[in-house]
Every structure is written in C-alpha cells, then in structure tokens.
>>> print(open('my_file_8.csv').read())   # CSV, C-alpha atoms
chain,number,residue,atom,x,y,z
G,1,MET,CA,45.8,-48.9,162.6
G,2,LEU,CA,43.6,-45.9,161.7
G,3,ASP,CA,44.4,-43.9,158.7
G,4,ALA,CA,44.1,-40.1,158.3
G,5,TYR,CA,40.5,-40.3,156.9
G,6,GLU,CA,39.4,-42.4,159.9
G,7,LEU,CA,41.2,-40.2,162.4
G,8,GLU,CA,39.3,-37.2,161.1
G,9,ARG,CA,36.0,-39.0,160.6
G,10,TYR,CA,35.8,-40.4,164.1
G,11,GLU,CA,37.6,-37.5,165.8
G,12,ARG,CA,34.8,-36.7,168.2
G,13,GLN,CA,34.3,-40.4,169.0
G,14,ILE,CA,38.0,-41.0,169.6
G,15,ARG,CA,37.8,-38.4,172.3
G,16,VAL,CA,35.6,-40.8,174.2
G,17,LEU,CA,36.9,-44.2,173.2
G,18,GLY,CA,40.6,-43.4,172.3
G,19,GLU,CA,42.3,-44.6,169.2
G,20,LYS,CA,42.6,-48.2,170.6
G,21,GLY,CA,38.8,-48.2,171.1
G,22,GLN,CA,38.2,-47.1,167.6
G,23,GLU,CA,40.6,-49.7,166.3
G,24,LYS,CA,38.6,-52.4,168.2
G,25,LEU,CA,35.4,-51.2,166.4
G,26,LYS,CA,37.1,-51.3,163.1
G,27,ALA,CA,38.1,-55.0,163.7
G,28,ALA,CA,34.6,-55.9,165.0
G,29,ARG,CA,32.2,-58.1,163.0
G,30,VAL,CA,28.5,-57.7,163.8
G,31,PHE,CA,25.4,-59.6,162.5
G,32,VAL,CA,22.1,-57.7,162.6
G,33,ALA,CA,19.0,-59.9,162.4
G,34,GLY,CA,16.3,-57.7,160.7
G,35,THR,CA,16.2,-54.4,158.9
G,36,GLY,CA,12.9,-53.1,160.2
G,37,GLY,CA,12.4,-50.3,162.8
G,38,LEU,CA,15.1,-51.6,165.2
G,39,GLY,CA,17.4,-53.0,162.5
G,40,SER,CA,17.4,-49.7,160.7
G,41,SER,CA,18.4,-47.7,163.8
G,42,VAL,CA,21.0,-50.3,165.0
G,43,ALA,CA,22.6,-50.7,161.5
G,44,LEU,CA,22.7,-46.9,161.0
G,45,TYR,CA,24.5,-46.2,164.3
G,46,LEU,CA,26.9,-49.1,164.0
G,47,ALA,CA,27.8,-48.0,160.5
G,48,VAL,CA,28.5,-44.4,161.5
G,49,ALA,CA,30.4,-45.6,164.5
G,50,GLY,CA,32.9,-47.4,162.2
G,51,ILE,CA,32.1,-51.1,162.9
G,52,GLY,CA,34.4,-52.9,160.5
G,53,SER,CA,32.1,-55.5,159.2
G,54,LEU,CA,28.3,-55.5,159.2
G,55,THR,CA,26.1,-58.4,158.0
G,56,ILE,CA,22.4,-57.9,157.8
G,57,ALA,CA,19.7,-60.6,157.2
G,58,ASP,CA,16.1,-60.0,156.3
G,59,ASN,CA,13.8,-61.6,153.7
G,60,ASP,CA,11.0,-59.0,153.6
G,61,VAL,CA,10.3,-56.3,151.0
G,62,VAL,CA,9.6,-52.7,151.9
G,63,GLU,CA,6.0,-51.8,152.4
G,64,LEU,CA,4.4,-48.4,152.7
G,65,SER,CA,3.3,-49.1,156.2
G,66,ASN,CA,7.0,-49.7,157.2
G,67,LEU,CA,8.0,-46.1,156.6
G,68,ASN,CA,6.9,-44.5,159.9
G,69,ARG,CA,9.7,-46.3,161.7
G,70,GLN,CA,12.1,-48.1,159.3
G,71,VAL,CA,14.3,-45.1,158.6
G,72,LEU,CA,16.7,-46.8,156.1
G,73,HIS,CA,13.7,-47.3,153.7
G,74,TRP,CA,12.2,-44.5,151.8
G,75,ASP,CA,9.1,-44.0,149.6
G,76,ARG,CA,11.0,-44.9,146.5
G,77,ASP,CA,12.0,-48.3,148.0
G,78,VAL,CA,8.5,-49.7,148.3
G,79,GLY,CA,8.5,-53.1,146.7
G,80,GLU,CA,12.3,-53.5,146.9
G,81,SER,CA,14.0,-56.0,149.2
G,82,LYS,CA,14.8,-54.5,152.6
G,83,VAL,CA,18.4,-55.7,152.6
G,84,GLN,CA,19.0,-54.1,149.2
G,85,SER,CA,17.4,-50.9,150.3
G,86,ALA,CA,19.5,-50.9,153.5
G,87,TYR,CA,22.7,-51.6,151.6
G,88,GLU,CA,22.1,-48.6,149.3
G,89,LYS,CA,21.8,-46.2,152.2
G,90,LEU,CA,24.5,-47.7,154.5
G,91,SER,CA,27.1,-47.9,151.8
G,92,GLN,CA,26.7,-44.2,151.3
G,93,ILE,CA,26.5,-43.3,155.0
G,94,ASN,CA,29.9,-45.0,155.6
G,95,PRO,CA,31.7,-46.5,152.6
G,96,ARG,CA,34.5,-47.8,154.9
G,97,VAL,CA,32.2,-50.4,156.5
G,98,ASP,CA,32.4,-53.9,154.9
G,99,LEU,CA,28.7,-54.5,154.3
G,100,LYS,CA,27.1,-57.9,153.5
G,101,VAL,CA,23.4,-58.4,153.1
G,102,LEU,CA,21.5,-61.7,153.1
G,103,ASN,CA,18.0,-61.9,151.6
G,104,GLU,CA,17.1,-65.0,153.6
G,105,THR,CA,14.8,-66.1,156.4
G,106,ILE,CA,16.6,-67.1,159.6
G,107,GLY,CA,15.9,-70.7,160.6
G,108,GLU,CA,17.4,-73.6,162.5
G,109,ASP,CA,18.9,-75.0,159.3
G,110,ASN,CA,20.8,-71.9,158.2
G,111,VAL,CA,21.4,-69.8,161.3
G,112,SER,CA,25.0,-70.9,161.7
G,113,ARG,CA,25.8,-70.2,158.1
G,114,LEU,CA,24.2,-66.8,158.2
G,115,ILE,CA,26.0,-65.7,161.4
G,116,GLY,CA,29.3,-67.0,160.0
G,117,ASP,CA,32.3,-65.7,161.8
G,118,THR,CA,30.7,-62.6,163.4
G,119,ASP,CA,31.6,-61.5,166.9
G,120,ALA,CA,28.2,-60.2,168.0
G,121,VAL,CA,24.5,-60.8,167.1
G,122,VAL,CA,21.9,-58.1,167.4
G,123,ASP,CA,18.3,-59.2,167.8
G,124,ALA,CA,16.3,-56.6,165.8
G,125,LEU,CA,13.4,-59.0,165.2
G,126,ASP,CA,9.7,-58.9,165.8
G,127,ASN,CA,9.0,-62.5,166.8
G,128,PHE,CA,10.3,-64.7,169.6
G,129,GLN,CA,10.5,-68.0,167.7
G,130,THR,CA,13.3,-66.6,165.6
G,131,ARG,CA,14.8,-64.9,168.6
G,132,TYR,CA,15.1,-68.3,170.3
G,133,ILE,CA,16.9,-69.6,167.3
G,134,LEU,CA,19.4,-66.8,167.5
G,135,ASN,CA,19.8,-67.3,171.2
G,136,LYS,CA,20.6,-71.0,170.9
G,137,ALA,CA,23.1,-70.3,168.0
G,138,GLY,CA,24.8,-67.6,170.0
G,139,LEU,CA,25.1,-69.9,173.0
G,140,ARG,CA,26.6,-72.8,170.9
G,141,ARG,CA,29.2,-70.5,169.4
G,142,GLY,CA,29.9,-68.3,172.4
G,143,ILE,CA,28.6,-65.1,170.6
G,144,PRO,CA,26.9,-62.4,172.7
G,145,LEU,CA,23.3,-61.5,171.8
G,146,PHE,CA,21.9,-57.9,172.1
G,147,HIS,CA,18.2,-58.0,172.4
G,148,GLY,CA,15.7,-55.3,171.7
G,149,ALA,CA,11.9,-55.1,171.3
G,150,VAL,CA,9.3,-52.4,171.0
G,151,HIS,CA,5.5,-52.0,171.4
G,152,GLY,CA,3.8,-48.6,171.0
G,153,PHE,CA,5.6,-46.1,173.2
G,154,ASN,CA,7.4,-48.9,175.1
G,155,GLY,CA,10.6,-50.8,174.6
G,156,GLN,CA,13.1,-53.1,176.2
G,157,VAL,CA,16.8,-54.0,175.9
G,158,ALA,CA,19.1,-56.7,177.4
G,159,THR,CA,22.6,-57.9,176.7
G,160,MET,CA,23.5,-61.6,177.0
G,161,ILE,CA,27.0,-63.1,177.2
G,162,PRO,CA,27.1,-66.9,176.8
G,163,ARG,CA,28.2,-68.9,179.8
G,164,GLU,CA,28.3,-65.7,181.9
G,165,THR,CA,24.8,-64.2,182.1
G,166,ALA,CA,21.1,-65.2,181.8
G,167,CYS,CA,20.2,-65.9,178.2
G,168,LEU,CA,17.0,-64.9,176.3
G,169,ARG,CA,15.2,-68.0,177.2
G,170,CYS,CA,16.0,-67.5,180.9
G,171,ILE,CA,14.3,-64.1,180.8
G,172,PHE,CA,11.5,-65.1,178.5
G,173,PRO,CA,10.8,-68.8,179.0
G,174,SER,CA,7.8,-68.8,176.6
G,175,ALA,CA,7.0,-66.8,173.5
G,176,PRO,CA,4.0,-64.4,173.5
G,177,GLN,CA,1.4,-64.9,170.8
G,178,PRO,CA,2.4,-63.6,167.4
G,179,GLN,CA,0.7,-60.3,166.6
G,180,THR,CA,1.0,-57.2,164.4
G,181,PHE,CA,1.8,-54.7,167.1
G,182,PRO,CA,1.7,-50.9,167.1
G,183,VAL,CA,4.9,-49.0,167.0
G,184,ILE,CA,5.8,-45.3,167.4
G,185,GLY,CA,8.7,-44.7,165.1
G,186,ALA,CA,10.8,-42.8,167.6
G,187,THR,CA,10.5,-45.7,170.1
G,188,ALA,CA,12.2,-48.0,167.6
G,189,GLY,CA,14.9,-45.3,167.1
G,190,ILE,CA,15.5,-45.0,170.9
G,191,ILE,CA,15.7,-48.8,171.5
G,192,GLY,CA,17.8,-49.4,168.4
G,193,ALA,CA,20.2,-46.7,169.5
G,194,ILE,CA,20.6,-48.2,172.9
G,195,GLN,CA,21.3,-51.6,171.4
G,196,ALA,CA,24.0,-50.0,169.2
G,197,THR,CA,25.4,-48.3,172.3
G,198,GLU,CA,25.7,-51.7,174.1
G,199,VAL,CA,27.5,-53.2,171.1
G,200,ILE,CA,30.0,-50.3,171.1
G,201,LYS,CA,30.5,-50.6,174.8
G,202,TYR,CA,31.0,-54.4,174.5
G,203,PHE,CA,33.8,-54.1,171.9
G,204,THR,CA,35.6,-51.2,173.5
G,205,GLY,CA,35.2,-52.4,177.1
G,206,THR,CA,33.6,-49.1,178.0
G,207,GLY,CA,31.1,-48.6,180.9
G,208,GLU,CA,28.8,-51.2,182.2
G,209,LEU,CA,26.7,-53.5,180.0
G,210,LEU,CA,23.0,-54.4,180.5
G,211,VAL,CA,24.0,-57.9,181.6
G,212,ASN,CA,21.6,-59.8,183.9
G,213,LYS,CA,19.3,-56.8,183.6
G,214,LEU,CA,16.3,-55.9,181.5
G,215,LEU,CA,16.0,-52.2,180.7
G,216,PHE,CA,12.5,-50.9,180.1
G,217,TYR,CA,11.6,-47.7,178.4
G,218,ASP,CA,8.2,-46.0,178.9
G,219,GLY,CA,7.9,-43.2,176.4
G,220,GLU,CA,4.5,-42.0,177.6
G,221,ARG,CA,5.9,-41.3,181.0
G,222,MET,CA,9.4,-40.7,179.7
G,223,GLU,CA,10.9,-43.2,182.3
G,224,PHE,CA,13.6,-45.8,182.2
G,225,TYR,CA,13.8,-48.6,184.8
G,226,ARG,CA,15.7,-51.8,185.1
G,227,ILE,CA,14.9,-55.2,186.7
G,228,ASP,CA,17.5,-57.8,187.6
G,229,VAL,CA,17.3,-61.2,185.9
G,230,GLN,CA,19.0,-64.5,186.8
G,231,VAL,CA,20.2,-67.6,185.0
G,232,ASN,CA,17.6,-70.3,185.2
G,233,PRO,CA,19.5,-73.5,186.0
G,234,ARG,CA,16.7,-75.5,184.3
G,235,CYS,CA,16.8,-73.3,181.1
G,236,PRO,CA,16.5,-75.6,178.1
G,237,ASP,CA,18.9,-73.4,176.1
G,238,CYS,CA,21.7,-72.5,178.6
G,239,GLY,CA,21.0,-74.4,181.8
G,240,VAL,CA,23.8,-76.8,181.1
G,241,HIS,CA,26.4,-74.2,181.9
>>> encode(input="my_file_8.csv", output="structure tokens")
Amino acid sequence: MLDAYELERYERQIRVLGEKGQEKLKAARVFVAGTGGLGSSVALYLAVAGIGSLTIADNDVVELSNLNRQVLHWDRDVGESKVQSAYEKLSQINPRVDLKVLNETIGEDNVSRLIGDTDAVVDALDNFQTRYILNKAGLRRGIPLFHGAVHGFNGQVATMIPRETACLRCIFPSAPQPQTFPVIGATAGIIGAIQATEVIKYFTGTGELLVNKLLFYDGERMEFYRIDVQVNPRCPDCGVH
C-alpha cells in the first residue's frame, strides 16, 4: 500500500499508472550494471519513479573525462568510487528507495551473487563481453534484460524476456572490438531514459515493450527507427528454448 507521502510524491505518475501500478513499482527490485552515462540516467529515473529496490554494480572511480555524460558524478567526486558517488546522490533524490551499491567487477564467477533476487537487469555497460555474461545469467534465472548502448549522437535499446523473445546474443552474435568510443552526454541521457521507461512499462504492464525489436536513435538527424529481430534457434545462449 502507498502511504500519504508516496501518494503525494508520485501524484502525477499515479494519474498515468494508477495506484496499483505505483505499488508494483514499489515492490520491484532492479539491478543496474554500470553507473556511467547510461547507468546514471537509468538509476536517476528509476529512483524518482519509486522503484522499491535498486542495486547498482560498478568497480570504476570517477574521472574528469566522465563528467560530460555521467550526471550522477560531479567535479567534487573525481577519484571517488562511482557507486559511492551514485549512492550519495540517489539517496537524496529519493530516500524511500532501498539502495544497494556493489563496488565489484561483474564476471562469470560472481554474476549470480551480484544479481541476487532482483526482478530485472539493466545493461548500462560499455563492453559486450560483460553484456553476454549478464545475458546468460538472466536467461538461466528467467530475469528480463534491458539493453542500451550509445556511440556519439547514436544509441540503441532493446528489451529481452527469457524464453519469450530473442536474447542479446541472438541480436549480436559476436562482440565488436573493444574501444574508447565518443559520446555526446545528451545521447546517454536519452537512451538511459528510454531504458528506464521500458522497465517501468514492464513492471506495470503498460503499453508495448521493445521485445523482438531493436530501437535506433540518430541524434544528428533526430530520427528514431526500429528493426525486427528474431530468436536464433542455434543461439549458444538461448537456442535451447
């Protein structure tokens, strides 16, 4: 049930989702992988939306070159761990959210422990090898994965539901070469906000999710377009289903 504080705080949102929808968000547990450009935007909008439990994992420290896009981190935070910096901001943005931060690198050996009993995983990473680890973990445990990526003025988003839709490996069978890629800060904000919107829609059963679709954003032309994707029956990660 929502108390008086929550009814007032989320009043405009309740007009869209209803009290039952807001209660579903309050009960939701979300794991966000990364607190960079995407992770900052995703975590910020999930926190203000009233997600009940938010777990964030990242092992990096804040660098000056992060600050054009990683909006949870400020000048004073340079040299501090990203998860601690994020915790300080998010705990003030919405003190009702149960926040947990993990200063760890996501790997095959710890991914199940890090994800824990969460209900959704948000991919806010910048490398595909770790994305594939999250993808397999989500498939094993039946947890949906919300993918996002950015490059310059461009970005992409997809939502994957285990045993129902194409998985990340179906869409991207092989990883691109690792690189330090350019990013416009606003692009990360837009893509992260779309990922957060997908998470909110998933928990509240609102609208249509980006399942079996890959949404592209072209900021230079200010265009969005979608392509259909399919389950690969020979996918090494999900083909068995």
>>> atom_distance(input="my_file_8.csv", atom1="atom CA of Gly36 of chain G", atom2="atom CA of Ile143 of chain G")
22.3 Å
>>> residues_around(input="my_file_8.csv", residues="Gly148 of chain G", least_positions_apart="2", cutoff="7 Å", atoms="all atoms listed in the file", output="PyMOL selection string")
chain G and resi 123-124+146+156-158+191+195
>>> residues_around(input="my_file_8.csv", residues="Gly116 of chain G", least_positions_apart="5", cutoff="10 Å", atoms="all atoms listed in the file", output="list in words")
Arg29, Phe31, Thr55, Asn110 and Val111 of chain G
>>> write_last_selection(input="my_file_8.csv", atoms="C-alpha atoms", output="mmCIF file, in the coordinates of the input")
data_model
loop_
_atom_site.group_PDB
_atom_site.id
_atom_site.type_symbol
_atom_site.label_atom_id
_atom_site.label_comp_id
_atom_site.auth_asym_id
_atom_site.auth_seq_id
_atom_site.Cartn_x
_atom_site.Cartn_y
_atom_site.Cartn_z
ATOM 1 C CA ARG G 29 32.200 -58.100 163.000
ATOM 2 C CA PHE G 31 25.400 -59.600 162.500
ATOM 3 C CA THR G 55 26.100 -58.400 158.000
ATOM 4 C CA ASN G 110 20.800 -71.900 158.200
ATOM 5 C CA VAL G 111 21.400 -69.800 161.300
#
>>> closest_residue(input="my_file_8.csv", among="G:Arg9, G:Lys89, G:Arg76, G:Lys82", to="Leu44 of chain G", atoms="only C-alpha atoms")
G:Lys89
>>> residues_near_point(input="my_file_8.csv", point="(15.1, -53.8, 153.9)", cutoff="7 Å", atoms="only C-alpha atoms", output="NGL selection string")
:G and (35-36 or 58 or 60-62 or 73 or 81-86)
>>> write_last_selection(input="my_file_8.csv", atoms="C-alpha atoms", output="PDB file, in the frame of the given file")
ATOM      1  CA  THR G  35      16.200 -54.400 158.900  1.00  0.00           C
ATOM      2  CA  GLY G  36      12.900 -53.100 160.200  1.00  0.00           C
ATOM      3  CA  ASP G  58      16.100 -60.000 156.300  1.00  0.00           C
ATOM      4  CA  ASP G  60      11.000 -59.000 153.600  1.00  0.00           C
ATOM      5  CA  VAL G  61      10.300 -56.300 151.000  1.00  0.00           C
ATOM      6  CA  VAL G  62       9.600 -52.700 151.900  1.00  0.00           C
ATOM      7  CA  HIS G  73      13.700 -47.300 153.700  1.00  0.00           C
ATOM      8  CA  SER G  81      14.000 -56.000 149.200  1.00  0.00           C
ATOM      9  CA  LYS G  82      14.800 -54.500 152.600  1.00  0.00           C
ATOM     10  CA  VAL G  83      18.400 -55.700 152.600  1.00  0.00           C
ATOM     11  CA  GLN G  84      19.000 -54.100 149.200  1.00  0.00           C
ATOM     12  CA  SER G  85      17.400 -50.900 150.300  1.00  0.00           C
ATOM     13  CA  ALA G  86      19.500 -50.900 153.500  1.00  0.00           C
TER      14      ALA G  86
END
>>> closest_residue(input="my_file_8.csv", among="G:Pro144, G:Gly39, G:Gly50, G:Gly79", to="Gly21 of chain G", atoms="all atoms listed in the file")
G:Gly50
>>> residues_around(input="my_file_8.csv", residues="Gly52 of chain G", least_positions_apart="2", cutoff="10 Å", atoms="only C-alpha atoms", output="list of chain:residue names")
G:Gln22, G:Glu23, G:Lys24, G:Leu25, G:Lys26, G:Ala27, G:Ala28, G:Arg29, G:Val30, G:Leu46, G:Ala47, G:Ala49, G:Gly50, G:Leu54, G:Arg96, G:Val97, G:Asp98, G:Leu99
>>> closest_residue(input="my_file_8.csv", among="G:Arg234, G:Leu67, G:Tyr217, G:Ile51", to="Tyr10 of chain G", atoms="only C-alpha atoms")
G:Ile51
>>> residues_near_point(input="my_file_8.csv", point="(7.4, -41.7, 179.0)", cutoff="12 Å", atoms="only C-alpha atoms", output="PDB file with C-alpha atoms, keeping the file's coordinate frame")
ATOM      1  CA  GLY G 152       3.800 -48.600 171.000  1.00  0.00           C
ATOM      2  CA  PHE G 153       5.600 -46.100 173.200  1.00  0.00           C
ATOM      3  CA  ASN G 154       7.400 -48.900 175.100  1.00  0.00           C
ATOM      4  CA  GLY G 155      10.600 -50.800 174.600  1.00  0.00           C
ATOM      5  CA  ALA G 186      10.800 -42.800 167.600  1.00  0.00           C
ATOM      6  CA  THR G 187      10.500 -45.700 170.100  1.00  0.00           C
ATOM      7  CA  ILE G 190      15.500 -45.000 170.900  1.00  0.00           C
ATOM      8  CA  PHE G 216      12.500 -50.900 180.100  1.00  0.00           C
ATOM      9  CA  TYR G 217      11.600 -47.700 178.400  1.00  0.00           C
ATOM     10  CA  ASP G 218       8.200 -46.000 178.900  1.00  0.00           C
ATOM     11  CA  GLY G 219       7.900 -43.200 176.400  1.00  0.00           C
ATOM     12  CA  GLU G 220       4.500 -42.000 177.600  1.00  0.00           C
ATOM     13  CA  ARG G 221       5.900 -41.300 181.000  1.00  0.00           C
ATOM     14  CA  MET G 222       9.400 -40.700 179.700  1.00  0.00           C
ATOM     15  CA  GLU G 223      10.900 -43.200 182.300  1.00  0.00           C
ATOM     16  CA  PHE G 224      13.600 -45.800 182.200  1.00  0.00           C
ATOM     17  CA  TYR G 225      13.800 -48.600 184.800  1.00  0.00           C
TER      18      TYR G 225
END
>>> closest_residue(input="my_file_8.csv", among="G:Val16, G:Gly185, G:Cys167, G:Ser91", to="Asn66 of chain G", atoms="all atoms listed in the file")
G:Gly185
